[in-house]
file model_25.cif (mmCIF, C-alpha atoms)
data_query
#
loop_
_atom_site.label_atom_id
_atom_site.label_comp_id
_atom_site.auth_asym_id
_atom_site.auth_seq_id
_atom_site.Cartn_x
_atom_site.Cartn_y
_atom_site.Cartn_z
CA MET A 12 -164.19 75.95 -37.88
CA SER A 13 -161.12 77.96 -36.91
CA SER A 14 -157.67 76.48 -37.35
CA ASN A 15 -155.02 75.97 -34.71
CA VAL A 16 -151.36 76.20 -35.73
CA LEU A 17 -148.26 75.13 -33.84
CA ILE A 18 -145.19 77.33 -34.28
CA ILE A 19 -142.00 75.41 -33.49
CA TYR A 20 -139.23 77.84 -32.69
CA THR A 21 -135.89 76.11 -33.21
CA GLY A 22 -133.75 79.25 -33.28
CA GLY A 23 -132.39 81.33 -36.13
CA THR A 24 -132.18 85.00 -36.95
CA ILE A 25 -135.92 85.59 -36.57
CA GLY A 26 -135.69 85.35 -32.77
CA MET A 27 -132.15 86.63 -32.23
CA GLN A 28 -130.98 89.71 -30.42
CA MET A 29 -127.80 91.71 -30.72
CA SER A 30 -124.96 90.97 -28.31
CA ALA A 31 -121.38 92.18 -27.98
CA ASP A 32 -120.39 89.35 -30.32
CA GLY A 33 -123.18 89.81 -32.87
CA TYR A 34 -126.62 88.24 -33.16
CA ILE A 35 -127.32 85.29 -30.83
CA PRO A 36 -130.41 83.08 -30.26
CA VAL A 37 -132.53 84.26 -27.33
CA ALA A 38 -135.37 82.49 -25.52
CA GLY A 39 -138.86 83.94 -25.11
CA PHE A 40 -140.04 84.14 -28.72
CA GLU A 41 -143.76 83.75 -27.99
CA ALA A 42 -143.86 86.79 -25.70
CA LEU A 43 -141.95 88.79 -28.30
CA LEU A 44 -144.35 87.77 -31.09
CA ARG A 45 -147.52 88.51 -29.15
CA GLU A 46 -146.06 91.88 -28.16
CA ARG A 47 -145.56 92.70 -31.85
CA LEU A 48 -149.12 91.72 -32.81
CA ASN A 49 -151.83 94.29 -32.24
CA ALA A 50 -155.29 93.07 -31.30
CA GLY A 51 -156.73 93.65 -34.74
CA ALA A 52 -154.03 91.62 -36.47
CA ALA A 53 -154.29 88.78 -33.96
CA MET A 54 -158.03 88.45 -34.58
CA GLN A 55 -157.44 87.86 -38.30
CA LEU A 56 -154.92 85.08 -37.73
CA PRO A 57 -155.46 81.41 -36.93
CA ALA A 58 -155.11 80.54 -33.27
CA PHE A 59 -151.54 79.49 -32.54
CA GLU A 60 -149.27 78.12 -29.86
CA VAL A 61 -145.49 78.33 -29.71
CA LEU A 62 -143.24 75.40 -28.83
CA GLU A 63 -139.74 76.67 -28.15
CA PHE A 64 -136.70 74.40 -28.19
CA GLU A 65 -134.86 74.34 -24.88
CA HIS A 66 -131.55 74.57 -26.69
CA LEU A 67 -131.96 77.03 -29.55
CA ILE A 68 -129.95 76.39 -32.71
CA ASP A 69 -127.87 78.83 -34.67
CA SER A 70 -128.50 77.11 -37.98
CA SER A 71 -124.84 77.23 -38.99
CA ASN A 72 -124.36 74.70 -36.16
CA LEU A 73 -127.06 72.37 -37.49
CA GLN A 74 -126.39 68.63 -37.33
CA PRO A 75 -128.52 65.78 -38.75
CA GLU A 76 -129.55 64.93 -35.19
CA HIS A 77 -131.44 68.23 -35.09
CA TRP A 78 -133.70 66.88 -37.83
CA ASN A 79 -134.75 64.21 -35.34
CA LYS A 80 -135.71 66.86 -32.78
CA ILE A 81 -137.80 68.76 -35.31
CA ALA A 82 -139.49 65.56 -36.51
CA GLU A 83 -140.20 64.51 -32.93
CA ALA A 84 -141.85 67.85 -32.18
CA LEU A 85 -144.01 67.59 -35.30
CA GLN A 86 -144.96 63.95 -34.87
CA ASP A 87 -145.75 64.25 -31.15
CA ASN A 88 -148.16 67.11 -31.84
CA TRP A 89 -149.53 66.00 -35.21
CA ASP A 90 -153.07 65.18 -34.09
CA ARG A 91 -153.51 68.34 -32.01
CA PHE A 92 -153.01 70.98 -34.69
CA ASP A 93 -154.22 71.81 -38.18
CA GLY A 94 -150.94 73.16 -39.46
CA PHE A 95 -147.32 73.67 -38.44
CA ILE A 96 -144.67 76.34 -38.84
CA VAL A 97 -141.00 75.63 -38.19
CA LEU A 98 -138.99 78.77 -37.42
CA HIS A 99 -135.45 78.01 -38.51
CA GLY A 100 -132.23 79.82 -39.32
CA THR A 101 -131.80 80.57 -42.99
CA ASP A 102 -128.29 79.16 -43.50
CA THR A 103 -129.42 75.52 -43.35
CA MET A 104 -133.19 75.86 -43.68
CA ALA A 105 -133.21 74.14 -47.08
CA TYR A 106 -131.33 71.15 -45.63
CA SER A 107 -133.87 70.74 -42.83
CA ALA A 108 -136.90 71.28 -45.06
CA SER A 109 -135.53 68.65 -47.43
CA ALA A 110 -134.81 66.18 -44.63
CA LEU A 111 -138.27 66.58 -43.09
CA SER A 112 -139.90 65.99 -46.48
CA TYR A 113 -138.39 62.48 -46.49
CA MET A 114 -139.00 61.81 -42.80
CA MET A 115 -142.67 62.85 -42.97
CA GLN A 116 -144.11 61.56 -46.22
CA GLY A 117 -147.82 61.58 -46.95
CA LEU A 118 -148.71 64.78 -45.09
CA ASP A 119 -152.33 65.84 -44.75
CA LYS A 120 -151.47 69.17 -43.12
CA PRO A 121 -149.07 72.00 -43.94
CA VAL A 122 -145.53 72.05 -42.55
CA ILE A 123 -144.02 75.42 -43.47
CA PHE A 124 -140.45 76.46 -42.74
CA THR A 125 -139.76 80.17 -42.46
CA GLY A 126 -137.43 82.64 -40.79
CA SER A 127 -135.96 86.00 -41.58
CA GLN A 128 -132.88 87.94 -42.56
CA ILE A 129 -133.45 90.59 -39.88
CA PRO A 130 -134.64 89.66 -36.35
CA LEU A 131 -138.14 90.44 -35.14
CA THR A 132 -136.61 92.62 -32.42
CA GLU A 133 -135.41 95.14 -35.03
CA LEU A 134 -137.72 97.99 -36.04
CA ARG A 135 -137.15 97.32 -39.73
CA ASN A 136 -137.41 93.58 -40.40
CA ASP A 137 -138.74 90.92 -42.73
CA ALA A 138 -139.62 88.59 -39.84
CA LEU A 139 -143.18 89.66 -39.12
CA ASP A 140 -144.43 89.48 -42.71
CA ASN A 141 -142.82 86.07 -43.30
CA LEU A 142 -144.33 84.66 -40.12
CA LEU A 143 -147.80 86.20 -40.49
CA THR A 144 -148.19 84.99 -44.06
CA ALA A 145 -146.90 81.54 -43.10
CA LEU A 146 -149.52 81.46 -40.33
CA ILE A 147 -152.28 82.28 -42.79
CA LEU A 148 -151.05 79.62 -45.19
CA ALA A 149 -150.67 76.98 -42.47
CA GLY A 150 -154.14 77.64 -41.12
CA ASN A 151 -156.14 78.05 -44.30
CA TYR A 152 -154.55 76.41 -47.36
CA PRO A 153 -154.41 72.76 -48.56
CA LEU A 154 -150.66 72.14 -48.44
CA ASN A 155 -149.90 68.45 -48.07
CA GLU A 156 -146.13 68.77 -48.13
CA VAL A 157 -143.14 70.41 -46.46
CA SER A 158 -142.60 73.87 -47.88
CA VAL A 159 -140.52 77.00 -47.37
CA PHE A 160 -142.16 80.41 -47.27
CA PHE A 161 -139.90 83.43 -47.64
CA ASN A 162 -140.37 86.93 -49.05
CA GLY A 163 -143.70 86.16 -50.67
CA ARG A 164 -142.54 82.89 -52.24
CA LEU A 165 -143.93 79.49 -51.32
CA LEU A 166 -141.41 76.83 -52.37
CA ARG A 167 -141.31 73.05 -52.21
CA GLY A 168 -138.99 72.39 -49.30
CA ASN A 169 -136.79 69.87 -51.07
CA ARG A 170 -136.46 72.10 -54.13
CA SER A 171 -135.40 75.18 -52.20
CA SER A 172 -131.95 76.75 -51.79
CA LYS A 173 -130.65 79.86 -50.13
CA LEU A 174 -129.21 81.84 -53.02
CA LYS A 175 -128.58 85.24 -51.41
CA SER A 176 -126.74 85.96 -48.18
CA THR A 177 -128.29 89.37 -47.49
CA GLY A 178 -131.32 89.89 -49.75
CA PHE A 179 -134.85 89.51 -48.41
CA ASP A 180 -135.51 87.29 -51.44
CA ALA A 181 -132.90 84.86 -50.14
CA PHE A 182 -134.65 81.64 -51.20
CA ASP A 183 -135.65 80.26 -54.56
CA SER A 184 -136.20 76.89 -56.24
CA PRO A 185 -133.99 77.01 -59.34
CA ASN A 186 -135.37 73.89 -61.03
CA PHE A 187 -139.03 73.89 -59.99
CA PRO A 188 -141.77 76.54 -60.10
CA TRP A 189 -142.93 78.29 -56.95
CA LEU A 190 -145.88 76.55 -55.30
CA GLY A 191 -147.43 79.95 -54.77
CA GLN A 192 -146.80 83.60 -54.08
CA ALA A 193 -148.17 86.18 -51.70
CA GLY A 194 -148.66 89.69 -53.01
CA ILE A 195 -151.90 91.64 -52.76
CA HIS A 196 -153.51 88.19 -52.94
CA ILE A 197 -152.21 84.76 -52.01
CA ASP A 198 -152.10 82.62 -55.14
CA LEU A 199 -151.56 78.90 -54.71
CA HIS A 200 -150.67 76.79 -57.76
CA GLU A 201 -152.58 73.70 -56.72
CA HIS A 202 -151.62 71.71 -59.83
CA LEU A 203 -148.01 71.74 -58.60
CA LEU A 204 -148.75 70.44 -55.12
CA LEU A 205 -148.09 66.85 -54.12
CA PRO A 206 -151.24 64.73 -54.02
CA LYS A 207 -152.36 63.15 -50.79
CA ARG A 208 -150.62 59.85 -50.18
CA LYS A 209 -150.47 57.22 -47.47
CA GLN A 210 -148.89 58.63 -44.34
CA ARG A 211 -145.36 57.38 -43.69
CA PHE A 212 -143.73 59.14 -40.74
CA MET A 213 -140.24 58.10 -39.64
CA ASN A 214 -137.57 59.41 -37.32
CA PRO A 215 -134.48 57.28 -38.07
CA VAL A 216 -131.09 57.43 -36.41
CA PHE A 217 -128.63 59.13 -38.73
CA ALA A 218 -125.08 57.85 -38.95
CA GLU A 219 -122.53 60.52 -38.13
CA ASP A 220 -120.44 61.80 -41.06
CA ALA A 221 -121.80 59.14 -43.42
CA VAL A 222 -122.15 61.52 -46.39
CA ARG A 223 -119.35 63.67 -47.75
CA VAL A 224 -119.10 66.23 -50.56
CA LEU A 225 -116.40 66.52 -53.24
CA PRO A 226 -116.46 69.73 -55.31
CA ILE A 227 -114.62 69.40 -58.61
CA TYR A 228 -112.31 72.27 -59.56
CA PRO A 229 -109.40 72.68 -61.99
CA GLY A 230 -106.48 70.68 -60.69
CA VAL A 231 -108.41 68.72 -58.06
CA SER A 232 -106.17 65.98 -56.73
CA ALA A 233 -107.09 62.32 -56.40
CA CYS A 234 -105.71 62.61 -52.86
CA VAL A 235 -108.64 64.85 -51.92
CA ALA A 236 -111.14 62.18 -52.97
CA ARG A 237 -109.07 59.41 -51.42
CA ASP A 238 -108.97 61.19 -48.06
CA LEU A 239 -112.71 61.89 -48.16
CA LEU A 240 -113.51 58.27 -48.94
CA ALA A 241 -110.94 56.54 -46.73
CA PRO A 242 -112.91 56.19 -43.44
CA GLU A 243 -115.07 53.07 -43.28
CA HIS A 244 -118.01 55.05 -41.88
CA VAL A 245 -118.32 57.06 -45.11
CA LYS A 246 -121.14 55.44 -47.09
CA ALA A 247 -121.94 58.07 -49.72
CA LEU A 248 -120.24 60.83 -51.69
CA ILE A 249 -121.77 63.76 -53.53
CA MET A 250 -119.52 64.87 -56.35
CA ILE A 251 -120.24 68.33 -57.74
CA SER A 252 -118.92 68.44 -61.28
CA TYR A 253 -119.12 70.83 -64.22
CA GLY A 254 -122.00 71.64 -66.56
CA VAL A 255 -124.25 68.68 -67.31
CA GLY A 256 -122.16 66.41 -65.11
CA ASN A 257 -118.68 66.47 -66.63
CA PRO A 258 -115.69 65.37 -64.54
CA PRO A 259 -111.96 65.68 -65.34
CA ASP A 260 -111.75 62.15 -66.72
CA ALA A 261 -108.16 62.74 -67.87
CA ASN A 262 -107.33 62.51 -64.17
CA VAL A 263 -107.14 58.73 -64.30
CA GLU A 264 -106.08 58.45 -60.67
CA LEU A 265 -109.17 60.35 -59.53
CA MET A 266 -111.42 58.16 -61.68
CA ASN A 267 -109.78 55.06 -60.19
CA VAL A 268 -110.43 56.31 -56.65
CA LEU A 269 -114.11 56.76 -57.49
CA ALA A 270 -114.31 53.35 -59.16
CA GLU A 271 -112.71 51.63 -56.16
CA ALA A 272 -115.11 53.34 -53.75
CA ASN A 273 -118.12 52.38 -55.85
CA ALA A 274 -116.91 48.78 -55.98
CA ARG A 275 -116.80 48.57 -52.18
CA GLY A 276 -120.35 49.87 -51.85
CA VAL A 277 -120.01 53.64 -51.47
CA VAL A 278 -122.93 55.38 -53.18
CA ILE A 279 -121.61 58.19 -55.40
CA ILE A 280 -123.98 60.83 -56.79
CA ASN A 281 -122.99 63.35 -59.45
CA LEU A 282 -124.45 66.86 -59.19
CA THR A 283 -123.58 70.02 -61.08
CA HIS A 284 -122.10 73.34 -60.00
CA CYS A 285 -124.75 75.04 -62.13
CA LEU A 286 -127.74 76.45 -60.26
CA GLN A 287 -130.18 75.68 -63.05
CA GLY A 288 -130.47 72.65 -65.30
CA ARG A 289 -129.85 69.00 -64.66
CA VAL A 290 -127.11 66.43 -64.91
CA SER A 291 -127.11 64.61 -68.23
CA GLN A 292 -124.28 62.22 -67.57
CA GLY A 293 -122.95 60.97 -70.87
CA ALA A 294 -123.90 63.89 -73.07
CA TYR A 295 -120.14 64.39 -73.24
CA ALA A 296 -117.53 61.65 -73.33
CA THR A 297 -116.14 62.78 -69.97
CA GLY A 298 -119.49 62.08 -68.33
CA GLN A 299 -119.67 58.70 -70.00
CA THR A 300 -116.63 57.75 -67.92
CA LEU A 301 -118.74 58.13 -64.78
CA ASN A 302 -121.41 55.86 -66.26
CA ARG A 303 -118.81 53.15 -66.72
CA ILE A 304 -117.57 53.59 -63.14
CA GLY A 305 -121.08 53.33 -61.70
CA VAL A 306 -121.54 56.92 -60.51
CA LEU A 307 -125.22 57.91 -60.40
CA PRO A 308 -126.39 61.07 -62.18
CA GLY A 309 -128.20 63.33 -59.71
CA SER A 310 -130.71 64.81 -62.18
CA ASP A 311 -131.76 68.24 -60.89
CA LEU A 312 -131.42 67.53 -57.17
CA THR A 313 -130.18 70.43 -55.11
CA LEU A 314 -127.18 69.75 -52.91
CA GLU A 315 -129.42 70.15 -49.87
CA ALA A 316 -131.97 67.64 -51.17
CA ALA A 317 -129.31 65.12 -52.21
CA PHE A 318 -127.37 65.39 -48.94
CA SER A 319 -130.40 64.91 -46.71
CA LYS A 320 -131.88 62.19 -48.93
CA LEU A 321 -128.66 60.17 -48.76
CA HIS A 322 -128.65 60.48 -44.97
CA PHE A 323 -132.29 59.41 -44.86
CA LEU A 324 -131.89 56.41 -47.17
CA LEU A 325 -128.71 55.23 -45.46
CA ALA A 326 -130.68 55.26 -42.20
CA THR A 327 -133.76 53.47 -43.55
CA GLU A 328 -132.55 51.07 -46.25
CA THR A 329 -130.49 47.92 -45.74
CA SER A 330 -128.43 47.81 -48.92
CA ALA A 331 -126.42 50.15 -51.12
CA GLU A 332 -128.40 48.84 -54.10
CA ASP A 333 -131.67 50.05 -52.59
CA VAL A 334 -130.12 53.42 -51.77
CA ARG A 335 -128.93 53.77 -55.38
CA ARG A 336 -132.33 52.78 -56.75
CA LEU A 337 -134.24 55.24 -54.57
CA MET A 338 -131.77 58.07 -55.21
CA ALA A 339 -132.80 57.86 -58.86
CA GLU A 340 -136.53 57.97 -58.00
CA SER A 341 -138.62 60.89 -56.83
CA VAL A 342 -139.66 60.06 -53.27
CA CYS A 343 -141.56 63.28 -52.60
CA GLY A 344 -141.12 65.63 -55.52
CA GLU A 345 -137.42 66.34 -55.02
CA LEU A 346 -136.32 65.58 -58.57
CA SER A 347 -137.73 65.64 -62.09
CA GLY A 348 -138.39 62.44 -63.97
#

call {"tool": "encode", "arguments": {"input": "model_25.cif", "output": "structure tokens"}}
result
Amino acid sequence: MSSNVLIIYTGGTIGMQMSADGYIPVAGFEALLRERLNAGAAMQLPAFEVLEFEHLIDSSNLQPEHWNKIAEALQDNWDRFDGFIVLHGTDTMAYSASALSYMMQGLDKPVIFTGSQIPLTELRNDALDNLLTALILAGNYPLNEVSVFFNGRLLRGNRSSKLKSTGFDAFDSPNFPWLGQAGIHIDLHEHLLLPKRKQRFMNPVFAEDAVRVLPIYPGVSACVARDLLAPEHVKALIMISYGVGNPPDANVELMNVLAEANARGVVIINLTHCLQGRVSQGAYATGQTLNRIGVLPGSDLTLEAAFSKLHFLLATETSAEDVRRLMAESVCGELSG
């Protein structure tokens, strides 16, 4: 039986055209795609339809509310299609793929995010290959999770990050193996895939500006943290520290600001500036200070996975204690045990 795939075009470079001000999102992606496909290529692909957002997103303008629109499009069409592709801008693709992995747990069909570094309208582009291979994967392979496909690499969505601004190999998953790769053959590493689980689809309302990020750098002032944490609507903070999770604990004022925020219920997660490896909070005495304060080590979560997971848990859980507990657990393969 042939498969039927829904392509959800949200915007992004893949469908952009050049303007006087640079690349801009342009409507009419389905006509453009079918124009680029010759009859022979189309016959080898799964049948597909294109759902185009009315208001296309330049992904640098992405807001958490856009995750709701993507989830709504997927959930409303779930029973009608065998697989799904989300065309998305590359700048925040990893954030959206991570968010959707939490919002749509227990998949029994593929949801594959892809896009391109050069628009499909350009003669020389990476758009067509990314999209065609994603179509083949979505229509023919047993992927029960949200993934990112880019430049021959199939990545777990909530393990992915954009690591290059201009290379075709823009995406990687620094702390988890690729789920598969597409070269002469498509090789899927089925032992790495999430097993089928009970379906749990949600589309929660995200609180605006509830999660903030504090990068640690030499000389960082306690005032920076205090200003970030001052508004009552801020419920979580991601601190990005050094190495295996080491903060400047000699900055007693900064440590006090973090301790006070934790005491009033702000969830504070400690990640590392390093692209590879995990937080081992307490391996050094400086990190042990964070353990005493109550800051949670973020293991090997990417910033994108941690940020979207905090938003999701703050929208679905009723207490800071539950948010803290679930941040330390793997909900859908986003962190190592």

call {"tool": "resolve_selection", "arguments": {"input": "model_25.cif", "expression": "the PyMOL selection byres ((chain A and resi 305-311) around 8)", "output": "ChimeraX atom specification"}}
result
/A:186,256,270,273,278-282,287-292,301-304,312-313,317,335,338-339,346-347

call {"tool": "closest_residue", "arguments": {"input": "model_25.cif", "among": "A:Leu67, A:Leu134, A:Met114, A:Ala58", "to": "A:Pro215", "atoms": "only C-alpha atoms"}}
result
A:Met114

call {"tool": "closest_residue", "arguments": {"input": "model_25.cif", "among": "A:Gly117, A:Gly39, A:Gly298, A:Gly94", "to": "A:Leu205", "atoms": "all atoms listed in the file"}}
result
A:Gly117

call {"tool": "resolve_selection", "arguments": {"input": "model_25.cif", "expression": "the PyMOL selection byres ((chain A and resi 165) around 9)", "output": "list of chain:residue names"}}
result
A:Ile123, A:Ala145, A:Ser158, A:Val159, A:Phe160, A:Phe161, A:Asn162, A:Gly163, A:Arg164, A:Leu166, A:Arg167, A:Gly168, A:Asp183, A:Trp189, A:Leu190, A:Gly191, A:Gln192, A:Ala193, A:Leu199

call {"tool": "atom_distance", "arguments": {"input": "model_25.cif", "atom1": "atom CA of A:Asp140", "atom2": "atom CA of A:Asp32"}}
result
27.0 Å

call {"tool": "residues_around", "arguments": {"input": "model_25.cif", "residues": "A:Ala221", "least_positions_apart": "6", "cutoff": "9 Å", "atoms": "only C-alpha atoms", "output": "list in words"}}
result
His244, Val245, Lys246, Ala247, Leu248, Leu321, His322 and Leu325 of chain A

call {"tool": "closest_residue", "arguments": {"input": "model_25.cif", "among": "A:Asn88, A:Thr21, A:Asn49, A:Thr101", "to": "A:Glu63", "atoms": "all atoms listed in the file"}}
result
A:Thr21

call {"tool": "resolve_selection", "arguments": {"input": "model_25.cif", "expression": "the PyMOL selection byres ((chain A and resi 70) around 8)", "output": "MDAnalysis selection string"}}
result
chainID A and resid 22:23 68:69 71:73 99:104

call {"tool": "residues_around", "arguments": {"input": "model_25.cif", "residues": "A:Pro130", "least_positions_apart": "2", "cutoff": "12 Å", "atoms": "all atoms listed in the file", "output": "PDB file with C-alpha atoms, keeping the file's coordinate frame"}}
result
ATOM      1  CA  GLY A  22    -133.750  79.250 -33.280  1.00  0.00           C
ATOM      2  CA  GLY A  23    -132.390  81.330 -36.130  1.00  0.00           C
ATOM      3  CA  THR A  24    -132.180  85.000 -36.950  1.00  0.00           C
ATOM      4  CA  ILE A  25    -135.920  85.590 -36.570  1.00  0.00           C
ATOM      5  CA  GLY A  26    -135.690  85.350 -32.770  1.00  0.00           C
ATOM      6  CA  MET A  27    -132.150  86.630 -32.230  1.00  0.00           C
ATOM      7  CA  GLN A  28    -130.980  89.710 -30.420  1.00  0.00           C
ATOM      8  CA  MET A  29    -127.800  91.710 -30.720  1.00  0.00           C
ATOM      9  CA  GLY A  33    -123.180  89.810 -32.870  1.00  0.00           C
ATOM     10  CA  TYR A  34    -126.620  88.240 -33.160  1.00  0.00           C
ATOM     11  CA  ILE A  35    -127.320  85.290 -30.830  1.00  0.00           C
ATOM     12  CA  PRO A  36    -130.410  83.080 -30.260  1.00  0.00           C
ATOM     13  CA  VAL A  37    -132.530  84.260 -27.330  1.00  0.00           C
ATOM     14  CA  PHE A  40    -140.040  84.140 -28.720  1.00  0.00           C
ATOM     15  CA  LEU A  43    -141.950  88.790 -28.300  1.00  0.00           C
ATOM     16  CA  LEU A  44    -144.350  87.770 -31.090  1.00  0.00           C
ATOM     17  CA  LEU A  98    -138.990  78.770 -37.420  1.00  0.00           C
ATOM     18  CA  HIS A  99    -135.450  78.010 -38.510  1.00  0.00           C
ATOM     19  CA  GLY A 100    -132.230  79.820 -39.320  1.00  0.00           C
ATOM     20  CA  THR A 101    -131.800  80.570 -42.990  1.00  0.00           C
ATOM     21  CA  GLY A 126    -137.430  82.640 -40.790  1.00  0.00           C
ATOM     22  CA  SER A 127    -135.960  86.000 -41.580  1.00  0.00           C
ATOM     23  CA  GLN A 128    -132.880  87.940 -42.560  1.00  0.00           C
ATOM     24  CA  THR A 132    -136.610  92.620 -32.420  1.00  0.00           C
ATOM     25  CA  GLU A 133    -135.410  95.140 -35.030  1.00  0.00           C
ATOM     26  CA  LEU A 134    -137.720  97.990 -36.040  1.00  0.00           C
ATOM     27  CA  ARG A 135    -137.150  97.320 -39.730  1.00  0.00           C
ATOM     28  CA  ASN A 136    -137.410  93.580 -40.400  1.00  0.00           C
ATOM     29  CA  ASP A 137    -138.740  90.920 -42.730  1.00  0.00           C
ATOM     30  CA  ALA A 138    -139.620  88.590 -39.840  1.00  0.00           C
ATOM     31  CA  LEU A 139    -143.180  89.660 -39.120  1.00  0.00           C
ATOM     32  CA  ASP A 140    -144.430  89.480 -42.710  1.00  0.00           C
ATOM     33  CA  ASN A 141    -142.820  86.070 -43.300  1.00  0.00           C
ATOM     34  CA  LEU A 142    -144.330  84.660 -40.120  1.00  0.00           C
TER      35      LEU A 142
END

call {"tool": "closest_residue", "arguments": {"input": "model_25.cif", "among": "A:Glu46, A:Asn214, A:Ala105, A:Arg237", "to": "A:Ile81", "atoms": "all atoms listed in the file"}}
result
A:Asn214

call {"tool": "closest_residue", "arguments": {"input": "model_25.cif", "among": "A:Cys285, A:Val268, A:Ala326, A:Val122", "to": "A:Ser252", "atoms": "only C-alpha atoms"}}
result
A:Cys285

call {"tool": "atom_distance", "arguments": {"input": "model_25.cif", "atom1": "atom CA of A:Gly348", "atom2": "atom CA of A:Leu269"}}
result
25.8 Å

call {"tool": "closest_residue", "arguments": {"input": "model_25.cif", "among": "A:Val277, A:Ala331, A:Val255, A:Leu143", "to": "A:Leu239", "atoms": "only C-alpha atoms"}}
result
A:Val277

call {"tool": "atom_distance", "arguments": {"input": "model_25.cif", "atom1": "atom CA of A:Pro259", "atom2": "atom CA of A:Glu340"}}
result
26.8 Å

call {"tool": "decode", "arguments": {"input": "model_25.cif", "residues": "stretch 305-316 of chain A", "atoms": "N, CA, C and O atoms", "output": "CSV table (one decimal), in the first residue's frame"}}
result
chain,number,residue,atom,x,y,z
A,305,GLY,N,20.9,24.0,45.3
A,305,GLY,CA,19.7,23.4,44.7
A,305,GLY,C,19.6,23.5,43.3
A,305,GLY,O,18.5,23.3,42.7
A,306,VAL,N,20.6,23.9,42.6
A,306,VAL,CA,20.6,24.0,41.1
A,306,VAL,C,20.7,22.6,40.5
A,306,VAL,O,21.5,21.8,41.0
A,307,LEU,N,19.9,22.3,39.5
A,307,LEU,CA,19.9,21.0,38.9
A,307,LEU,C,20.9,20.8,37.8
A,307,LEU,O,21.0,21.7,36.9
A,308,PRO,N,21.7,19.8,37.8
A,308,PRO,CA,22.6,19.5,36.7
A,308,PRO,C,21.8,19.1,35.5
A,308,PRO,O,20.9,18.3,35.6
A,309,GLY,N,22.2,19.6,34.3
A,309,GLY,CA,21.4,19.4,33.1
A,309,GLY,C,21.9,18.2,32.3
A,309,GLY,O,21.5,18.1,31.1
A,310,SER,N,22.8,17.4,32.8
A,310,SER,CA,23.3,16.2,32.1
A,310,SER,C,23.8,16.7,30.7
A,310,SER,O,24.6,17.6,30.7
A,311,ASP,N,23.4,16.0,29.7
A,311,ASP,CA,23.9,16.4,28.3
A,311,ASP,C,22.8,17.0,27.5
A,311,ASP,O,22.8,16.9,26.2
A,312,LEU,N,21.8,17.6,28.1
A,312,LEU,CA,20.8,18.3,27.4
A,312,LEU,C,21.4,19.4,26.5
A,312,LEU,O,22.3,20.1,27.0
A,313,THR,N,20.9,19.6,25.3
A,313,THR,CA,21.3,20.7,24.5
A,313,THR,C,20.5,21.9,25.1
A,313,THR,O,19.5,21.8,25.8
A,314,LEU,N,21.0,23.1,24.8
A,314,LEU,CA,20.2,24.3,25.2
A,314,LEU,C,18.8,24.3,24.6
A,314,LEU,O,17.8,24.6,25.3
A,315,GLU,N,18.7,23.9,23.3
A,315,GLU,CA,17.4,23.9,22.7
A,315,GLU,C,16.4,22.9,23.4
A,315,GLU,O,15.3,23.2,23.6
A,316,ALA,N,17.0,21.7,23.7
A,316,ALA,CA,16.1,20.7,24.4
A,316,ALA,C,15.7,21.1,25.8
A,316,ALA,O,14.6,20.9,26.2
